[in-house]
file final-v2.cif (mmCIF, C-alpha atoms)
data_query
#
loop_
_atom_site.group_PDB
_atom_site.id
_atom_site.type_symbol
_atom_site.label_atom_id
_atom_site.label_comp_id
_atom_site.auth_asym_id
_atom_site.auth_seq_id
_atom_site.Cartn_x
_atom_site.Cartn_y
_atom_site.Cartn_z
ATOM 1 C CA MET A 1185 -62.686 107.018 -51.910
ATOM 2 C CA LYS A 1186 -59.905 109.505 -52.751
ATOM 3 C CA THR A 1187 -62.398 111.815 -54.491
ATOM 4 C CA PHE A 1188 -64.721 111.645 -51.476
ATOM 5 C CA PHE A 1189 -61.879 112.472 -49.051
ATOM 6 C CA VAL A 1190 -60.751 115.523 -51.071
ATOM 7 C CA SER A 1191 -64.356 116.729 -51.323
ATOM 8 C CA PHE A 1192 -64.783 116.206 -47.577
ATOM 9 C CA LEU A 1193 -61.750 118.378 -46.799
ATOM 10 C CA ILE A 1194 -62.894 121.152 -49.157
ATOM 11 C CA VAL A 1195 -66.351 121.259 -47.581
ATOM 12 C CA LEU A 1196 -64.925 121.048 -44.071
ATOM 13 C CA GLY A 1197 -62.451 123.871 -44.708
ATOM 14 C CA SER A 1198 -65.055 126.226 -46.172
ATOM 15 C CA THR A 1199 -67.455 125.415 -43.333
ATOM 16 C CA LEU A 1200 -64.925 126.086 -40.574
ATOM 17 C CA PHE A 1201 -63.891 129.465 -41.897
ATOM 18 C CA ALA A 1202 -67.535 130.467 -42.280
ATOM 19 C CA GLN A 1203 -67.778 130.024 -38.507
ATOM 20 C CA ASN A 1204 -66.764 132.662 -36.010
ATOM 21 C CA ILE A 1205 -63.577 132.365 -34.016
ATOM 22 C CA GLU A 1206 -64.552 131.514 -30.445
ATOM 23 C CA ARG A 1207 -63.355 134.303 -28.129
ATOM 24 C CA LYS A 1208 -59.687 134.561 -29.132
ATOM 25 C CA ILE A 1209 -56.582 133.651 -31.063
ATOM 26 C CA ILE A 1210 -53.582 132.654 -28.944
ATOM 27 C CA ILE A 1211 -50.040 133.028 -30.279
ATOM 28 C CA GLU A 1212 -47.463 131.012 -28.357
ATOM 29 C CA ASN A 1213 -44.044 129.604 -29.248
ATOM 30 C CA GLY A 1214 -44.410 130.878 -32.794
ATOM 31 C CA ASN A 1215 -47.734 129.107 -33.402
ATOM 32 C CA PHE A 1216 -51.326 130.338 -33.492
ATOM 33 C CA TYR A 1217 -54.337 128.571 -32.028
ATOM 34 C CA PHE A 1218 -58.037 129.337 -32.326
ATOM 35 C CA THR A 1219 -61.251 127.366 -32.004
ATOM 36 C CA THR A 1220 -64.388 127.197 -34.083
ATOM 37 C CA ILE A 1221 -67.661 125.411 -33.326
ATOM 38 C CA ASP A 1222 -69.756 123.235 -35.621
ATOM 39 C CA ALA A 1223 -73.112 124.969 -36.083
ATOM 40 C CA GLU A 1224 -75.116 121.714 -36.070
ATOM 41 C CA PHE A 1225 -73.410 119.551 -33.445
ATOM 42 C CA GLN A 1226 -71.591 122.247 -31.412
ATOM 43 C CA ILE A 1227 -68.381 120.206 -31.272
ATOM 44 C CA GLY A 1228 -65.118 122.139 -31.405
ATOM 45 C CA THR A 1229 -62.196 122.340 -33.805
ATOM 46 C CA MET A 1230 -58.727 123.570 -32.867
ATOM 47 C CA ASN A 1231 -57.140 125.456 -35.751
ATOM 48 C CA THR A 1232 -53.372 125.783 -35.521
ATOM 49 C CA GLY A 1233 -50.443 126.858 -37.654
ATOM 50 C CA LYS A 1234 -47.343 129.052 -37.796
ATOM 51 C CA ALA A 1235 -48.061 132.572 -36.522
ATOM 52 C CA ALA A 1236 -46.241 134.192 -39.449
ATOM 53 C CA GLU A 1237 -48.425 132.333 -41.941
ATOM 54 C CA ALA A 1238 -52.019 132.905 -43.022
ATOM 55 C CA ILE A 1239 -54.810 131.163 -41.120
ATOM 56 C CA LYS A 1240 -55.878 129.382 -44.301
ATOM 57 C CA THR A 1241 -52.852 127.126 -43.675
ATOM 58 C CA ALA A 1242 -54.203 125.971 -40.307
ATOM 59 C CA LYS A 1243 -54.492 122.320 -39.415
ATOM 60 C CA LYS A 1244 -58.019 121.527 -38.223
ATOM 61 C CA LEU A 1245 -57.849 119.294 -35.163
ATOM 62 C CA ALA A 1246 -60.944 117.624 -33.723
ATOM 63 C CA LEU A 1247 -61.638 118.680 -30.132
ATOM 64 C CA PRO A 1248 -63.332 116.392 -27.585
ATOM 65 C CA ALA A 1249 -65.323 119.358 -26.251
ATOM 66 C CA GLY A 1250 -67.982 121.820 -27.353
ATOM 67 C CA ARG A 1251 -70.516 124.377 -26.195
ATOM 68 C CA ASN A 1252 -74.240 124.639 -25.587
ATOM 69 C CA TYR A 1253 -76.628 125.906 -28.255
ATOM 70 C CA SER A 1254 -79.417 127.172 -25.982
ATOM 71 C CA GLU A 1255 -80.002 130.920 -25.745
ATOM 72 C CA PRO A 1256 -78.186 132.897 -24.638
ATOM 73 C CA VAL A 1257 -75.179 131.193 -26.201
ATOM 74 C CA ASN A 1258 -72.027 131.399 -24.127
ATOM 75 C CA PRO A 1259 -69.021 131.123 -26.469
ATOM 76 C CA PHE A 1260 -66.771 128.112 -26.084
ATOM 77 C CA SER A 1261 -64.510 128.514 -23.045
ATOM 78 C CA TRP A 1262 -60.963 127.333 -23.776
ATOM 79 C CA ASP A 1263 -57.335 128.155 -23.127
ATOM 80 C CA ILE A 1264 -53.928 126.762 -23.980
ATOM 81 C CA VAL A 1265 -50.732 126.828 -21.896
ATOM 82 C CA ASP A 1266 -47.614 125.293 -23.441
ATOM 83 C CA THR A 1267 -48.920 121.936 -24.739
ATOM 84 C CA SER A 1268 -52.090 121.664 -22.607
ATOM 85 C CA VAL A 1269 -55.578 122.620 -23.767
ATOM 86 C CA TYR A 1270 -58.166 123.523 -21.119
ATOM 87 C CA ALA A 1271 -61.808 123.419 -22.189
ATOM 88 C CA ILE A 1272 -65.261 123.545 -20.623
ATOM 89 C CA ASN A 1273 -67.435 120.963 -22.342
ATOM 90 C CA PHE A 1274 -70.996 122.298 -22.165
ATOM 91 C CA LEU A 1275 -72.395 120.198 -24.993
ATOM 92 C CA MET A 1276 -76.112 119.599 -24.571
ATOM 93 C CA HIS A 1277 -76.198 115.815 -24.361
ATOM 94 C CA SER A 1278 -78.073 113.613 -21.919
ATOM 95 C CA GLN A 1279 -74.829 111.915 -20.836
ATOM 96 C CA ASN A 1280 -72.780 115.083 -20.447
ATOM 97 C CA ASP A 1281 -72.461 115.970 -16.761
ATOM 98 C CA ARG A 1282 -71.721 119.696 -16.483
ATOM 99 C CA ASN A 1283 -70.285 119.152 -13.027
ATOM 100 C CA GLU A 1284 -67.528 117.214 -14.850
ATOM 101 C CA ALA A 1285 -67.260 119.627 -17.788
ATOM 102 C CA ILE A 1286 -63.746 120.997 -17.198
ATOM 103 C CA LYS A 1287 -61.284 119.017 -19.313
ATOM 104 C CA ARG A 1288 -57.540 119.128 -19.942
ATOM 105 C CA PHE A 1289 -55.752 117.306 -22.750
ATOM 106 C CA ASN A 1290 -52.529 117.554 -24.731
ATOM 107 C CA VAL A 1291 -52.431 119.234 -28.130
ATOM 108 C CA ALA A 1292 -50.383 116.297 -29.420
ATOM 109 C CA SER A 1293 -53.306 113.972 -28.662
ATOM 110 C CA LEU A 1294 -55.582 115.768 -31.149
ATOM 111 C CA LYS A 1295 -56.078 114.394 -34.647
ATOM 112 C CA GLU A 1296 -57.080 116.176 -37.828
ATOM 113 C CA TRP A 1297 -60.668 115.829 -38.935
ATOM 114 C CA GLY A 1298 -61.137 113.128 -41.535
ATOM 115 C CA PRO A 1299 -63.342 110.174 -42.487
ATOM 116 C CA ALA A 1300 -61.650 107.890 -39.913
ATOM 117 C CA PHE A 1301 -63.916 109.132 -37.116
ATOM 118 C CA THR A 1302 -67.242 110.926 -36.851
ATOM 119 C CA THR A 1303 -68.602 113.927 -34.988
ATOM 120 C CA MET A 1304 -70.465 111.541 -32.706
ATOM 121 C CA ASP A 1305 -67.174 109.798 -31.894
ATOM 122 C CA MET A 1306 -65.819 113.116 -30.620
ATOM 123 C CA ILE A 1307 -68.990 113.916 -28.679
ATOM 124 C CA MET A 1308 -68.805 110.582 -26.867
ATOM 125 C CA LYS A 1309 -65.079 111.025 -26.250
ATOM 126 C CA SER A 1310 -65.779 114.437 -24.693
ATOM 127 C CA ILE A 1311 -68.293 112.859 -22.333
ATOM 128 C CA ASP A 1312 -65.956 110.008 -21.340
ATOM 129 C CA LEU A 1313 -62.878 112.154 -20.667
ATOM 130 C CA THR A 1314 -61.864 112.333 -17.025
ATOM 131 C CA PRO A 1315 -62.404 115.893 -15.744
ATOM 132 C CA TYR A 1316 -59.406 118.061 -14.967
ATOM 133 C CA THR A 1317 -61.296 119.049 -11.825
ATOM 134 C CA TYR A 1318 -64.937 119.090 -10.789
ATOM 135 C CA ASN A 1319 -66.864 122.164 -11.829
ATOM 136 C CA ASP A 1320 -67.427 123.569 -8.323
ATOM 137 C CA PRO A 1321 -68.273 127.094 -9.569
ATOM 138 C CA TYR A 1322 -71.198 125.758 -11.608
ATOM 139 C CA LEU A 1323 -72.373 123.526 -8.755
ATOM 140 C CA PHE A 1324 -72.195 126.525 -6.404
ATOM 141 C CA ILE A 1325 -74.367 128.842 -8.496
ATOM 142 C CA THR A 1326 -76.946 126.139 -9.292
ATOM 143 C CA ARG A 1327 -77.270 125.376 -5.577
ATOM 144 C CA ARG A 1328 -77.607 129.079 -4.902
ATOM 145 C CA SER A 1329 -80.437 129.369 -7.446
ATOM 146 C CA ASN A 1330 -82.239 126.848 -9.636
ATOM 147 C CA VAL A 1331 -82.900 129.626 -12.177
ATOM 148 C CA LEU A 1332 -80.229 130.510 -14.723
ATOM 149 C CA SER A 1333 -80.575 134.119 -15.843
ATOM 150 C CA ASN A 1334 -77.755 136.126 -17.443
ATOM 151 C CA PHE A 1335 -75.658 133.025 -16.869
ATOM 152 C CA TYR A 1336 -72.193 133.425 -18.368
ATOM 153 C CA TYR A 1337 -68.733 132.085 -17.602
ATOM 154 C CA ASP A 1338 -65.189 131.887 -18.864
ATOM 155 C CA ALA A 1339 -61.963 130.408 -17.515
ATOM 156 C CA VAL A 1340 -58.222 130.677 -18.142
ATOM 157 C CA ALA A 1341 -55.085 128.930 -16.932
ATOM 158 C CA LEU A 1342 -52.019 130.789 -15.653
ATOM 159 C CA ASN A 1343 -50.054 127.553 -15.530
ATOM 160 C CA ASP A 1344 -50.625 123.845 -14.879
ATOM 161 C CA SER A 1345 -51.606 124.489 -11.255
ATOM 162 C CA SER A 1346 -53.597 127.733 -11.449
ATOM 163 C CA TYR A 1347 -56.961 127.871 -13.208
ATOM 164 C CA THR A 1348 -59.314 130.847 -12.800
ATOM 165 C CA MET A 1349 -63.031 131.047 -13.590
ATOM 166 C CA ALA A 1350 -65.496 133.919 -13.480
ATOM 167 C CA ILE A 1351 -69.164 132.952 -13.439
ATOM 168 C CA SER A 1352 -72.282 135.141 -13.369
ATOM 169 C CA ASN A 1353 -75.934 134.443 -12.703
ATOM 170 C CA ASN A 1354 -78.945 136.475 -11.550
ATOM 171 C CA GLY A 1355 -76.980 139.706 -11.233
ATOM 172 C CA GLU A 1356 -74.183 138.116 -9.181
ATOM 173 C CA LEU A 1357 -70.580 137.421 -10.079
ATOM 174 C CA SER A 1358 -68.061 135.165 -8.348
ATOM 175 C CA ILE A 1359 -64.360 134.625 -9.062
ATOM 176 C CA TRP A 1360 -62.824 131.214 -8.472
ATOM 177 C CA ASN A 1361 -59.309 129.780 -8.499
ATOM 178 C CA TYR A 1362 -58.255 126.147 -8.632
ATOM 179 C CA ASN A 1363 -54.691 125.566 -7.375
ATOM 180 C CA GLY A 1364 -54.349 122.012 -8.630
ATOM 181 C CA LYS A 1365 -55.922 120.573 -5.475
ATOM 182 C CA ILE A 1366 -58.872 122.668 -4.303
ATOM 183 C CA TRP A 1367 -61.126 125.507 -5.425
ATOM 184 C CA LYS A 1368 -61.275 128.809 -3.571
ATOM 185 C CA HIS A 1369 -63.574 131.733 -4.334
ATOM 186 C CA GLY A 1370 -63.998 135.322 -3.266
ATOM 187 C CA GLU A 1371 -67.152 136.983 -2.009
ATOM 188 C CA VAL A 1372 -70.162 136.816 -4.297
ATOM 189 C CA GLN A 1373 -70.620 140.329 -5.682
ATOM 190 C CA LYS A 1374 -73.599 142.167 -7.069
ATOM 191 C CA PHE A 1375 -72.425 142.704 -10.619
ATOM 192 C CA HIS A 1376 -74.895 142.860 -13.503
ATOM 193 C CA VAL A 1377 -73.790 141.093 -16.673
ATOM 194 C CA ASP A 1378 -76.167 141.231 -19.621
ATOM 195 C CA ASP A 1379 -74.021 139.443 -22.214
ATOM 196 C CA TYR A 1380 -71.013 137.182 -22.358
ATOM 197 C CA PHE A 1381 -67.555 138.262 -21.215
ATOM 198 C CA SER A 1382 -64.069 136.849 -21.779
ATOM 199 C CA LEU A 1383 -61.032 136.335 -19.558
ATOM 200 C CA PHE A 1384 -57.362 136.650 -20.447
ATOM 201 C CA THR A 1385 -54.074 136.649 -18.562
ATOM 202 C CA LEU A 1386 -51.090 138.949 -18.851
ATOM 203 C CA ASN A 1387 -47.999 139.218 -16.652
ATOM 204 C CA LYS A 1388 -49.481 136.824 -14.078
ATOM 205 C CA LYS A 1389 -52.671 138.897 -13.767
ATOM 206 C CA THR A 1390 -56.167 137.937 -14.904
ATOM 207 C CA TYR A 1391 -58.500 140.329 -16.695
ATOM 208 C CA MET A 1392 -62.187 140.205 -17.593
ATOM 209 C CA ILE A 1393 -63.411 142.084 -20.645
ATOM 210 C CA LEU A 1394 -67.167 142.665 -20.754
ATOM 211 C CA ASN A 1395 -69.114 142.458 -23.983
ATOM 212 C CA SER A 1396 -69.202 146.268 -24.013
ATOM 213 C CA GLY A 1397 -65.389 146.347 -24.172
ATOM 214 C CA VAL A 1398 -64.808 147.556 -20.598
ATOM 215 C CA ILE A 1399 -61.968 145.729 -18.805
ATOM 216 C CA TYR A 1400 -61.564 144.709 -15.152
ATOM 217 C CA GLU A 1401 -58.683 143.099 -13.302
ATOM 218 C CA ILE A 1402 -60.034 140.182 -11.289
ATOM 219 C CA SER A 1403 -58.929 137.795 -8.566
ATOM 220 C CA THR A 1404 -60.517 136.008 -5.642
ATOM 221 C CA SER A 1405 -59.738 139.201 -3.675
ATOM 222 C CA GLY A 1406 -62.050 141.318 -5.809
ATOM 223 C CA ILE A 1407 -62.650 143.231 -9.025
ATOM 224 C CA SER A 1408 -61.124 146.548 -10.042
ATOM 225 C CA SER A 1409 -61.777 148.548 -13.198
ATOM 226 C CA VAL A 1410 -58.963 149.200 -15.668
ATOM 227 C CA SER A 1411 -58.707 152.308 -17.817
ATOM 228 C CA LYS A 1412 -58.690 150.252 -20.993
ATOM 229 C CA ASP A 1413 -61.389 149.585 -23.551
ATOM 230 C CA CYS A 1414 -61.239 147.626 -26.801
ATOM 231 C CA GLY A 1415 -63.593 150.192 -28.364
ATOM 232 C CA SER A 1416 -66.075 147.657 -29.669
ATOM 233 C CA SER A 1417 -68.522 144.996 -28.571
ATOM 234 C CA LEU A 1418 -67.019 141.527 -28.235
ATOM 235 C CA THR A 1419 -69.684 140.222 -30.595
ATOM 236 C CA ASN A 1420 -67.976 142.185 -33.405
ATOM 237 C CA GLY A 1421 -64.651 140.389 -33.081
ATOM 238 C CA PHE A 1422 -62.184 138.495 -30.926
ATOM 239 C CA LEU A 1423 -59.065 138.930 -28.815
ATOM 240 C CA VAL A 1424 -55.571 138.166 -30.073
ATOM 241 C CA LEU A 1425 -53.338 137.144 -27.174
ATOM 242 C CA ASN A 1426 -49.697 137.168 -28.245
ATOM 243 C CA LYS A 1427 -47.964 135.366 -25.390
ATOM 244 C CA ASP A 1428 -44.604 135.549 -27.169
ATOM 245 C CA GLU A 1429 -44.636 139.363 -27.227
ATOM 246 C CA LYS A 1430 -46.875 139.761 -24.138
ATOM 247 C CA THR A 1431 -49.406 141.897 -26.019
ATOM 248 C CA VAL A 1432 -53.217 141.850 -26.215
ATOM 249 C CA TRP A 1433 -55.174 143.015 -29.263
ATOM 250 C CA PHE A 1434 -58.774 143.183 -30.479
ATOM 251 C CA MET A 1435 -59.634 142.408 -34.084
ATOM 252 C CA LYS A 1436 -63.003 142.810 -35.766
ATOM 253 C CA ASN A 1437 -64.461 139.814 -37.570
ATOM 254 C CA ASN A 1438 -64.659 141.644 -40.894
ATOM 255 C CA ASP A 1439 -60.927 142.500 -40.724
ATOM 256 C CA LEU A 1440 -59.912 138.854 -40.636
ATOM 257 C CA ASN A 1441 -58.133 137.908 -43.852
ATOM 258 C CA GLN A 1442 -57.392 134.225 -44.434
ATOM 259 C CA HIS A 1443 -54.645 134.979 -46.951
ATOM 260 C CA THR A 1444 -52.429 137.414 -45.000
ATOM 261 C CA GLY A 1445 -49.850 136.248 -42.468
ATOM 262 C CA LEU A 1446 -51.435 136.461 -39.028
ATOM 263 C CA LEU A 1447 -48.686 138.521 -37.356
ATOM 264 C CA GLU A 1448 -48.745 141.003 -40.238
ATOM 265 C CA LEU A 1449 -52.533 141.136 -40.179
ATOM 266 C CA VAL A 1450 -52.652 141.853 -36.439
ATOM 267 C CA LYS A 1451 -50.250 144.780 -36.769
ATOM 268 C CA LYS A 1452 -52.234 146.229 -39.677
ATOM 269 C CA LYS A 1453 -55.801 145.698 -38.548
ATOM 270 C CA ALA A 1454 -56.071 144.966 -34.818
ATOM 271 C CA VAL A 1455 -56.397 147.482 -31.972
ATOM 272 C CA ARG A 1456 -53.813 147.038 -29.241
ATOM 273 C CA ILE A 1457 -55.242 146.919 -25.691
ATOM 274 C CA PHE A 1458 -52.058 146.056 -23.762
#
call {"tool": "encode", "arguments": {"input": "final-v2.cif", "output": "structure tokens"}}
result
Amino acid sequence: MKTFFVSFLIVLGSTLFAQNIERKIIIENGNFYFTTIDAEFQIGTMNTGKAAEAIKTAKKLALPAGRNYSEPVNPFSWDIVDTSVYAINFLMHSQNDRNEAIKRFNVASLKEWGPAFTTMDMIMKSIDLTPYTYNDPYLFITRRSNVLSNFYYDAVALNDSSYTMAISNNGELSIWNYNGKIWKHGEVQKFHVDDYFSLFTLNKKTYMILNSGVIYEISTSGISSVSKDCGSSLTNGFLVLNKDEKTVWFMKNNDLNQHTGLLELVKKKAVRIF
């Protein structure tokens, strides 16, 4: 049994780091957090460790949430504020109701992957979790059109009572905010999106970075362009959001080094956006 468990961890570790980081690395309170997705089952893993240390030291925590695998793939939408993880569970499973896909859970509730539970255990847990709030933005766009085309979304949390989502479909974009009780949204705008985008927050403002690298400030009041650009397509890398230093960086996938301390690596290899 001991030999099996060690072999399991070796295989799991090599598999996770062969996967792409989903959207971003968050640094907060001296720790780093990033998610990866299992290529076969699409269930998530939260990787976490000390920000000054290399990512090879990360604990690999099983997430009760995952993404879809149908084309086009929208990367896993997740965020973390203090000790709360926010995730949109878009796993393709007959029992997974996407109108109940928005979940919130505590980091402390997550357990490291191991033989004590299976991938299917986590999939079923993700389905059974009570939603943080109903997914009104998704319900709105599917009522507006029964055809999903250039359908992309991402969401972030400013705090425990402010959650913002941007969602696109059929050449339209809408911005939504949940205040802990109700959803509100701005006017639906003609805004062509031909690939996924990502959201991030900084100094109580929310930004949307398109796959091309162009950045917009967004709110339910509207969208305004920002004279910033990460200089690369999002598909080539990921954001690094250092909440401790209030900085935002972009790092290319091929610059990620598992053996160098993350903070050192960011300063050497990443491009600072803010």
call {"tool": "resolve_selection", "arguments": {"input": "final-v2.cif", "expression": "the PyMOL selection byres ((chain A and resi 1257-1262) around 6)", "output": "list in words"}}
result
Glu1206, Arg1251, Tyr1253, Ser1254, Glu1255, Pro1256, Asp1263, Tyr1270, Ala1271, Ile1272 and Asp1338 of chain A
call {"tool": "write_last_selection", "arguments": {"input": "final-v2.cif", "atoms": "C-alpha atoms", "output": "PDB file, keeping the file's coordinate frame"}}
result
ATOM      1  CA  GLU A1206     -64.552 131.514 -30.445  1.00  0.00           C
ATOM      2  CA  ARG A1251     -70.516 124.377 -26.195  1.00  0.00           C
ATOM      3  CA  TYR A1253     -76.628 125.906 -28.255  1.00  0.00           C
ATOM      4  CA  SER A1254     -79.417 127.172 -25.982  1.00  0.00           C
ATOM      5  CA  GLU A1255     -80.002 130.920 -25.745  1.00  0.00           C
ATOM      6  CA  PRO A1256     -78.186 132.897 -24.638  1.00  0.00           C
ATOM      7  CA  ASP A1263     -57.335 128.155 -23.127  1.00  0.00           C
ATOM      8  CA  TYR A1270     -58.166 123.523 -21.119  1.00  0.00           C
ATOM      9  CA  ALA A1271     -61.808 123.419 -22.189  1.00  0.00           C
ATOM     10  CA  ILE A1272     -65.261 123.545 -20.623  1.00  0.00           C
ATOM     11  CA  ASP A1338     -65.189 131.887 -18.864  1.00  0.00           C
TER      12      ASP A1338
END
call {"tool": "resolve_selection", "arguments": {"input": "final-v2.cif", "expression": "the PyMOL selection byres ((chain A and resi 1204) around 12)", "output": "count of residues only"}}
result
29
call {"tool": "resolve_selection", "arguments": {"input": "final-v2.cif", "expression": "the PyMOL selection byres ((chain A and resi 1432) around 8)", "output": "MDAnalysis selection string"}}
result
chainID A and resid 1423:1426 1430:1431 1433:1434 1456:1458
call {"tool": "atom_distance", "arguments": {"input": "final-v2.cif", "atom1": "CA of Ile1307 in chain A", "atom2": "CA of Arg1282 in chain A"}}
result
13.8 Å
call {"tool": "residues_around", "arguments": {"input": "final-v2.cif", "residues": "Gly1406 in chain A", "least_positions_apart": "6", "cutoff": "9 Å", "atoms": "all atoms listed in the file", "output": "ChimeraX atom specification"}}
result
/A:1358-1359,1370-1371,1373
call {"tool": "residues_near_point", "arguments": {"input": "final-v2.cif", "point": "(-61.8, 118.6, -32.9)", "cutoff": "6 Å", "atoms": "all atoms listed in the file", "output": "PyMOL selection string"}}
result
chain A and resi 1228-1230+1245-1248
call {"tool": "residues_around", "arguments": {"input": "final-v2.cif", "residues": "Ala1249 in chain A", "least_positions_apart": "5", "cutoff": "6 Å", "atoms": "all atoms listed in the file", "output": "MDAnalysis selection string"}}
result
chainID A and resid 1227:1228 1273 1310
call {"tool": "build_atoms", "arguments": {"input": "final-v2.cif", "residues": "range 1291-1311 of chain A", "atoms": "N, CA and C atoms", "output": "PDB file, keeping the file's coordinate frame"}}
result
ATOM      1  N   VAL A1291     -52.242 118.907 -26.717  1.00  0.00           N
ATOM      2  CA  VAL A1291     -52.431 119.234 -28.130  1.00  0.00           C
ATOM      3  C   VAL A1291     -51.996 118.068 -29.009  1.00  0.00           C
ATOM      4  N   ALA A1292     -50.915 117.400 -28.616  1.00  0.00           N
ATOM      5  CA  ALA A1292     -50.383 116.297 -29.420  1.00  0.00           C
ATOM      6  C   ALA A1292     -51.354 115.127 -29.536  1.00  0.00           C
ATOM      7  N   SER A1293     -52.335 115.070 -28.627  1.00  0.00           N
ATOM      8  CA  SER A1293     -53.306 113.972 -28.662  1.00  0.00           C
ATOM      9  C   SER A1293     -54.415 114.212 -29.676  1.00  0.00           C
ATOM     10  N   LEU A1294     -54.493 115.416 -30.239  1.00  0.00           N
ATOM     11  CA  LEU A1294     -55.582 115.768 -31.149  1.00  0.00           C
ATOM     12  C   LEU A1294     -55.248 115.339 -32.573  1.00  0.00           C
ATOM     13  N   LYS A1295     -56.250 114.851 -33.271  1.00  0.00           N
ATOM     14  CA  LYS A1295     -56.078 114.394 -34.647  1.00  0.00           C
ATOM     15  C   LYS A1295     -56.872 115.285 -35.599  1.00  0.00           C
ATOM     16  N   GLU A1296     -56.375 115.382 -36.827  1.00  0.00           N
ATOM     17  CA  GLU A1296     -57.080 116.176 -37.828  1.00  0.00           C
ATOM     18  C   GLU A1296     -58.394 115.505 -38.208  1.00  0.00           C
ATOM     19  N   TRP A1297     -59.394 116.366 -38.468  1.00  0.00           N
ATOM     20  CA  TRP A1297     -60.668 115.829 -38.935  1.00  0.00           C
ATOM     21  C   TRP A1297     -60.468 115.035 -40.228  1.00  0.00           C
ATOM     22  N   GLY A1298     -61.198 113.962 -40.341  1.00  0.00           N
ATOM     23  CA  GLY A1298     -61.137 113.128 -41.535  1.00  0.00           C
ATOM     24  C   GLY A1298     -62.187 112.049 -41.438  1.00  0.00           C
ATOM     25  N   PRO A1299     -62.302 111.203 -42.453  1.00  0.00           N
ATOM     26  CA  PRO A1299     -63.342 110.174 -42.487  1.00  0.00           C
ATOM     27  C   PRO A1299     -63.106 109.031 -41.506  1.00  0.00           C
ATOM     28  N   ALA A1300     -61.953 109.004 -40.810  1.00  0.00           N
ATOM     29  CA  ALA A1300     -61.650 107.890 -39.913  1.00  0.00           C
ATOM     30  C   ALA A1300     -62.510 107.901 -38.658  1.00  0.00           C
ATOM     31  N   PHE A1301     -63.050 109.067 -38.292  1.00  0.00           N
ATOM     32  CA  PHE A1301     -63.916 109.132 -37.116  1.00  0.00           C
ATOM     33  C   PHE A1301     -64.991 110.187 -37.355  1.00  0.00           C
ATOM     34  N   THR A1302     -66.081 110.080 -36.625  1.00  0.00           N
ATOM     35  CA  THR A1302     -67.242 110.926 -36.851  1.00  0.00           C
ATOM     36  C   THR A1302     -67.386 111.976 -35.756  1.00  0.00           C
ATOM     37  N   THR A1303     -68.281 112.920 -36.001  1.00  0.00           N
ATOM     38  CA  THR A1303     -68.602 113.927 -34.988  1.00  0.00           C
ATOM     39  C   THR A1303     -69.105 113.265 -33.723  1.00  0.00           C
ATOM     40  N   MET A1304     -69.933 112.231 -33.880  1.00  0.00           N
ATOM     41  CA  MET A1304     -70.465 111.541 -32.706  1.00  0.00           C
ATOM     42  C   MET A1304     -69.357 110.854 -31.909  1.00  0.00           C
ATOM     43  N   ASP A1305     -68.326 110.372 -32.602  1.00  0.00           N
ATOM     44  CA  ASP A1305     -67.174 109.798 -31.894  1.00  0.00           C
ATOM     45  C   ASP A1305     -66.563 110.829 -30.949  1.00  0.00           C
ATOM     46  N   MET A1306     -66.425 112.067 -31.431  1.00  0.00           N
ATOM     47  CA  MET A1306     -65.819 113.116 -30.620  1.00  0.00           C
ATOM     48  C   MET A1306     -66.740 113.545 -29.490  1.00  0.00           C
ATOM     49  N   ILE A1307     -68.037 113.572 -29.743  1.00  0.00           N
ATOM     50  CA  ILE A1307     -68.990 113.916 -28.679  1.00  0.00           C
ATOM     51  C   ILE A1307     -68.902 112.894 -27.549  1.00  0.00           C
ATOM     52  N   MET A1308     -68.885 111.617 -27.903  1.00  0.00           N
ATOM     53  CA  MET A1308     -68.805 110.582 -26.867  1.00  0.00           C
ATOM     54  C   MET A1308     -67.458 110.609 -26.154  1.00  0.00           C
ATOM     55  N   LYS A1309     -66.388 110.914 -26.891  1.00  0.00           N
ATOM     56  CA  LYS A1309     -65.079 111.025 -26.250  1.00  0.00           C
ATOM     57  C   LYS A1309     -65.076 112.167 -25.246  1.00  0.00           C
ATOM     58  N   SER A1310     -65.727 113.285 -25.594  1.00  0.00           N
ATOM     59  CA  SER A1310     -65.779 114.437 -24.693  1.00  0.00           C
ATOM     60  C   SER A1310     -66.514 114.094 -23.407  1.00  0.00           C
ATOM     61  N   ILE A1311     -67.518 113.258 -23.510  1.00  0.00           N
ATOM     62  CA  ILE A1311     -68.293 112.859 -22.333  1.00  0.00           C
ATOM     63  C   ILE A1311     -67.485 111.911 -21.451  1.00  0.00           C
TER      64      ILE A1311
END
